[in-house]
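For reference, work.csv is printed below; it contains CSV, C-alpha atoms and all ligand atoms.
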```
chain,number,residue,atom,x,y,z
Y,1,MET,CA,218.2,183.2,82.3
Y,2,LEU,CA,215.5,184.2,84.7
Y,3,THR,CA,215.7,182.7,88.2
Y,4,LEU,CA,212.5,182.2,90.3
Y,5,TYR,CA,212.9,181.7,94.1
Y,6,ASP,CA,210.0,179.4,94.5
Y,7,ALA,CA,208.1,177.2,96.9
Y,8,ALA,CA,205.8,174.5,95.6
Y,9,ARG,CA,203.2,175.0,98.3
Y,10,CYS,CA,203.1,178.8,97.8
Y,11,PRO,CA,200.1,180.1,95.8
Y,12,TYR,CA,201.8,183.4,95.2
Y,13,CYS,CA,204.7,181.5,93.6
Y,14,ALA,CA,202.1,179.6,91.6
Y,15,ARG,CA,201.0,182.8,90.0
Y,16,VAL,CA,204.5,183.4,88.7
Y,17,ARG,CA,205.0,179.7,87.6
Y,18,ILE,CA,201.7,179.8,85.6
Y,19,THR,CA,202.6,183.2,84.0
Y,20,LEU,CA,206.0,182.0,83.0
Y,21,ALA,CA,204.6,178.7,81.6
Y,22,GLU,CA,201.9,180.6,79.6
Y,23,LYS,CA,204.6,182.7,78.1
Y,24,ASP,CA,206.9,179.8,77.5
Y,25,VAL,CA,209.8,181.5,79.3
Y,26,GLU,CA,212.6,179.2,80.3
Y,27,TYR,CA,213.7,179.8,83.9
Y,28,GLU,CA,215.7,178.2,86.8
Y,29,ALA,CA,213.6,177.5,89.9
Y,30,ILE,CA,215.3,177.6,93.3
Y,31,GLU,CA,213.1,175.9,95.9
Y,32,ILE,CA,213.1,177.7,99.2
Y,33,ASP,CA,212.2,175.8,102.4
Y,34,LEU,CA,209.7,178.1,104.0
Y,35,ALA,CA,210.1,176.3,107.3
Y,36,ASP,CA,213.8,176.9,107.4
Y,37,ARG,CA,214.5,179.9,105.1
Y,38,PRO,CA,218.1,180.7,104.1
Y,39,ALA,CA,219.2,184.0,105.6
Y,40,TRP,CA,220.2,185.2,102.1
Y,41,ILE,CA,216.6,185.3,101.0
Y,42,TYR,CA,216.3,188.6,103.0
Y,43,GLU,CA,218.9,190.1,100.7
Y,44,LYS,CA,216.6,189.3,97.7
Y,45,ASN,CA,213.4,190.5,99.5
Y,46,VAL,CA,213.3,192.4,102.8
Y,47,THR,CA,210.2,190.5,103.9
Y,48,GLY,CA,212.0,187.2,103.4
Y,49,ARG,CA,209.0,186.0,101.3
Y,50,VAL,CA,208.8,184.2,98.0
Y,51,PRO,CA,208.2,184.6,95.1
Y,52,VAL,CA,211.2,186.6,94.0
Y,53,VAL,CA,212.5,186.7,90.4
Y,54,GLU,CA,216.0,187.7,89.4
Y,55,GLU,CA,217.2,188.5,85.9
Y,56,ASP,CA,220.8,189.6,85.2
Y,57,GLY,CA,221.3,190.6,88.8
Y,58,TRP,CA,218.1,192.6,88.9
Y,59,ILE,CA,215.7,191.5,91.6
Y,60,LEU,CA,211.9,191.8,92.0
Y,61,PRO,CA,209.5,190.5,94.7
Y,62,GLU,CA,205.7,190.6,95.0
Y,63,SER,CA,203.7,188.3,92.8
Y,64,ALA,CA,201.3,190.9,91.4
Y,65,VAL,CA,204.1,193.1,90.4
Y,66,ILE,CA,206.1,190.2,89.0
Y,67,MET,CA,203.1,189.2,86.8
Y,68,GLU,CA,202.9,192.7,85.4
Y,69,TYR,CA,206.7,192.8,84.8
Y,70,LEU,CA,206.5,189.5,82.9
Y,71,GLU,CA,203.6,190.8,80.8
Y,72,GLU,CA,205.8,193.8,79.7
Y,73,ARG,CA,209.1,191.9,79.5
Y,74,TYR,CA,207.6,189.0,77.6
Y,75,PRO,CA,204.6,190.5,75.8
Y,76,GLU,CA,203.6,187.3,73.8
Y,77,PRO,CA,201.1,185.9,74.3
Y,78,PRO,CA,199.4,188.9,75.9
Y,79,LEU,CA,197.8,188.2,79.2
Y,80,LEU,CA,196.2,191.6,79.6
Y,81,ALA,CA,193.4,192.7,77.2
Y,82,ALA,CA,193.9,195.4,74.6
Y,83,ASP,CA,190.8,197.2,75.9
Y,84,PRO,CA,191.7,199.6,78.8
Y,85,ALA,CA,188.5,198.9,80.6
Y,86,ASP,CA,189.2,195.1,80.6
Y,87,ARG,CA,192.8,195.8,81.7
Y,88,ALA,CA,191.5,197.9,84.6
Y,89,LEU,CA,189.0,195.2,85.5
Y,90,ALA,CA,191.7,192.5,85.6
Y,91,ARG,CA,193.8,194.8,87.8
Y,92,LEU,CA,190.9,195.5,90.1
Y,93,TRP,CA,190.4,191.7,90.7
Y,94,ILE,CA,194.1,191.3,91.4
Y,95,PHE,CA,194.1,194.3,93.8
Y,96,ARG,CA,191.2,192.9,95.7
Y,97,HIS,CA,192.4,189.3,95.9
Y,98,GLY,CA,192.6,189.7,99.7
Y,99,ASP,CA,188.8,189.7,99.9
Y,100,LEU,CA,189.0,186.0,99.0
Y,101,THR,CA,192.4,185.0,100.5
Y,102,THR,CA,191.8,186.6,103.9
Y,103,PRO,CA,188.9,184.3,104.9
Y,104,TYR,CA,190.8,181.4,103.2
Y,105,TYR,CA,193.8,181.8,105.4
Y,106,ALA,CA,191.6,182.4,108.5
Y,107,LEU,CA,189.9,179.1,107.8
Y,108,ARG,CA,193.3,177.4,107.4
Y,109,ARG,CA,194.2,178.7,110.8
Y,110,GLY,CA,191.2,176.9,112.1
Y,111,LYS,CA,188.8,179.9,112.4
Y,112,GLU,CA,185.7,178.0,111.2
Y,113,GLU,CA,183.6,181.2,111.3
Y,114,ALA,CA,185.5,182.4,108.2
Y,115,ARG,CA,183.9,179.7,106.1
Y,116,GLU,CA,180.7,181.8,105.6
Y,117,GLN,CA,182.8,184.8,104.5
Y,118,LEU,CA,184.7,182.6,102.1
Y,119,GLU,CA,181.5,181.3,100.6
Y,120,VAL,CA,180.2,185.0,100.2
Y,121,GLN,CA,183.4,185.8,98.3
Y,122,LEU,CA,183.2,182.7,96.2
Y,123,GLY,CA,179.6,183.8,95.4
Y,124,ARG,CA,181.0,187.1,94.0
Y,125,LEU,CA,183.5,185.3,91.9
Y,126,ASP,CA,180.9,182.9,90.7
Y,127,ALA,CA,178.5,185.8,89.7
Y,128,ALA,CA,181.2,187.5,87.8
Y,129,LEU,CA,182.2,184.3,85.9
Y,130,SER,CA,178.5,183.6,85.1
Y,131,LEU,CA,178.4,187.0,83.3
Y,132,ARG,CA,181.7,186.8,81.5
Y,133,PRO,CA,183.9,183.8,80.6
Y,134,TRP,CA,187.1,185.1,82.3
Y,135,LEU,CA,187.8,187.4,85.2
Y,136,GLY,CA,189.3,190.0,83.0
Y,137,GLY,CA,186.5,189.8,80.5
Y,138,GLY,CA,186.5,188.1,77.1
Y,139,GLU,CA,190.0,186.6,77.3
Y,140,PHE,CA,191.9,184.4,79.7
Y,141,GLY,CA,194.6,186.4,81.4
Y,142,LEU,CA,196.4,187.7,84.5
Y,143,ALA,CA,193.3,188.0,86.7
Y,144,ASP,CA,192.5,184.3,86.2
Y,145,ILE,CA,196.1,183.3,86.9
Y,146,ALA,CA,196.0,185.5,90.1
Y,147,TYR,CA,193.0,183.6,91.5
Y,148,VAL,CA,193.4,180.0,90.3
Y,149,PRO,CA,196.2,179.0,92.8
Y,150,TRP,CA,193.8,179.4,95.7
Y,151,ILE,CA,190.9,177.8,93.9
Y,152,LEU,CA,193.1,174.8,93.1
Y,153,ARG,CA,194.1,174.5,96.8
Y,154,MET,CA,190.7,175.2,98.4
Y,155,GLN,CA,189.2,171.7,98.2
Y,156,GLN,CA,192.3,170.0,99.5
Y,157,MET,CA,193.2,172.5,102.2
Y,158,VAL,CA,189.9,173.7,103.6
Y,159,GLY,CA,187.3,171.2,102.1
Y,160,ILE,CA,185.5,173.7,99.9
Y,161,THR,CA,183.6,172.4,96.8
Y,162,PHE,CA,182.2,174.4,94.0
Y,163,ASP,CA,178.9,172.5,93.7
Y,164,ALA,CA,177.0,175.7,94.7
Y,165,HIS,CA,179.2,177.8,92.4
Y,166,PRO,CA,178.8,176.4,88.8
Y,167,GLY,CA,180.4,179.5,87.3
Y,168,ILE,CA,183.6,178.8,89.2
Y,169,GLY,CA,183.3,175.0,88.3
Y,170,ASP,CA,183.0,175.7,84.6
Y,171,TRP,CA,185.8,178.3,84.7
Y,172,LEU,CA,188.0,175.8,86.6
Y,173,ASP,CA,187.3,173.1,84.0
Y,174,ARG,CA,188.5,175.5,81.3
Y,175,MET,CA,191.5,176.6,83.3
Y,176,VAL,CA,192.8,173.0,83.9
Y,177,ASP,CA,192.6,172.5,80.1
Y,178,ARG,CA,195.6,174.8,79.9
Y,179,PRO,CA,198.9,173.0,80.3
Y,180,ALA,CA,200.3,175.6,82.7
Y,181,VAL,CA,197.3,175.1,85.0
Y,182,THR,CA,197.4,171.3,84.6
Y,183,ALA,CA,201.0,171.4,85.8
Y,184,GLU,CA,200.0,173.5,88.8
Y,185,ALA,CA,197.2,171.1,89.7
Y,186,GLY,CA,199.8,168.3,89.7
Y,187,ILE,CA,202.0,170.3,92.1
Y,188,VAL,CA,198.9,170.8,94.4
Y,189,ALA,CA,198.0,167.1,94.2
Y,190,ALA,CA,201.6,166.2,95.4
Y,191,LEU,CA,201.6,168.6,98.4
Y,201,LIG,N1,202.5,189.7,98.9
Y,201,LIG,C1,203.4,188.6,98.6
Y,201,LIG,C2,203.0,187.4,99.5
Y,201,LIG,C3,204.0,186.3,99.4
Y,201,LIG,C4,203.9,185.3,100.5
Y,201,LIG,O1,203.2,185.5,101.5
Y,201,LIG,N2,204.6,184.2,100.4
Y,201,LIG,C5,204.7,183.2,101.5
Y,201,LIG,C6,204.6,181.8,101.0
Y,201,LIG,S1,203.0,181.5,100.2
Y,201,LIG,C7,206.0,183.3,102.2
Y,201,LIG,O2,207.0,183.5,101.7
Y,201,LIG,N3,205.9,183.2,103.5
Y,201,LIG,C8,207.0,183.2,104.4
Y,201,LIG,C9,206.7,184.2,105.5
Y,201,LIG,O3,205.6,184.8,105.6
Y,201,LIG,O4,207.6,184.3,106.3
Y,201,LIG,C10,203.3,188.2,97.1
Y,201,LIG,O5,202.2,188.5,96.5
Y,201,LIG,O6,204.3,187.8,96.5
```
For the structure just supplied, provide its representation as structure tokens.
Amino acid sequence: MLTLYDAARCPYCARVRITLAEKDVEYEAIEIDLADRPAWIYEKNVTGRVPVVEEDGWILPESAVIMEYLEERYPEPPLLAADPADRALARLWIFRHGDLTTPYYALRRGKEEAREQLEVQLGRLDAALSLRPWLGGGEFGLADIAYVPWILRMQQMVGITFDAHPGIGDWLDRMVDRPAVTAEAGIVAAL
């Protein structure tokens, strides 16, 4: 049985929760109190951060790496496209997620000047989603999962709406139709 060291409020953990749910993998979740982390979490991950997964004594941190691991370990249903160009595009979005999350976290720390930068990055996302239905191209997949945790938290945490970004709004409507994302929206609503 796979174990996920998890935190409800953590969007990086949300990436893993959604990937596991999409692949219908049964797992045990161990909730870590991020305000009072147990010392043993550093034995699982030198940074002390979650998410971490453990399977048969084998341990893996880092959400982007965990998503790729789960894709290979549990290949059905596939969450990376068959086409190498689309796979590369999905990985590029994941690699550059900091372009969006850096201004998001700055805004959460009260740096109001980051709002403009966040809107610029949302504009880039919106433009991409206006051209193709999903971040990785023609099919839902890992790139969409990698971004939706922050999009789901944005309105609640930093008062962002997507009125000016209809491509994101439409994508989000399609995302929350998926049970895995509906469940995550419920977690966010309860934060
Ligand atoms: N690069 C890591 C980031 C994980 C991360 O920042 N997790 C946060 C919770 S959302 C955490 O554990 N924070 C505790 C800390 O920074 O000490 C990943 O993608 O998994």
May I have a table of the residues of chain Y lying at most 7 Å from ligand LIG 201 (chain Y), giving each one's closest pair of atoms and their distance in Å to one decimal, counting only C-alpha atoms and all ligand atoms, ordered by chain and ascending residue number, as a tab-separated table?
```
residue	atom	partner	partner_atom	distance
Y:Arg9	CA	Y:LIG201	S1	6.8
Y:Cys10	CA	Y:LIG201	S1	3.6
Y:Pro11	CA	Y:LIG201	S1	5.5
Y:Tyr12	CA	Y:LIG201	O6	5.2
Y:Cys13	CA	Y:LIG201	S1	6.8
Y:Leu34	CA	Y:LIG201	C8	5.8
Y:Gly48	CA	Y:LIG201	O4	6.0
Y:Arg49	CA	Y:LIG201	O2	3.2
Y:Val50	CA	Y:LIG201	O2	4.2
Y:Pro51	CA	Y:LIG201	O6	5.2
Y:Pro61	CA	Y:LIG201	O6	6.1
Y:Glu62	CA	Y:LIG201	O6	3.5
Y:Ser63	CA	Y:LIG201	O6	3.8
Y:Ala64	CA	Y:LIG201	O5	5.7
```
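Residues with at least one atom no more than 7 Å from (212.7, 183.9, 86.5), using only C-alpha atoms, are Met1, Leu2, Thr3, Leu4, Tyr27, Glu28, Val53, Glu54 and Glu55 of chain Y.
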Q.
Counting only C-alpha atoms, I want the residues whose atoms come within 10 Å of (186.5, 182.7, 80.9) in the file frame, returned as a list in words.
A. Ala128, Leu129, Ser130, Leu131, Arg132, Pro133, Trp134, Leu135, Gly136, Gly137, Gly138, Glu139, Phe140, Gly141, Asp144, Gly167, Ile168, Asp170, Trp171, Leu172, Arg174 and Met175 of chain Y
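The space separating atom CA of Gly123 of chain Y from atom CA of Asp177 of chain Y comes to 23.0 Å.
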**Q.** Best match for closeness to Arg87 of chain Y among Y:Asp56, Y:Glu119, Y:Glu68, Y:Glu43, counting all atoms listed in the file
**A.** Y:Glu68
Q. How many Å lie between atom CA of Gln156 of chain Y and atom CA of Leu79 of chain Y, rounded to one decimal?
A.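 Computing it gives 27.8 Å between the two atoms.
Of the residues listed (Y:Lys111, Y:His97, Y:Arg178, Y:Arg17), Y:His97 shows the shortest atom-to-atom separation from Ile151 of chain Y; distances use only C-alpha atoms.
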Q: May I ask which of the residues Y:Tyr69, Y:Trp40, Y:Tyr147, Y:Phe95 is the closest one to Leu122 of chain Y, counting all atoms listed in the file?
A: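 Nearest to Leu122 of chain Y: Y:Tyr147.
Atom CA of Asp163 of chain Y is positioned 13.9 Å from atom CA of Ala127 of chain Y.
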Q) Of the candidates Y:Pro149, Y:Pro103, Y:Gly110, Y:Pro75, which shows the shortest atom-to-atom distance to Ile18 of chain Y, using only C-alpha atoms? A) Y:Pro149
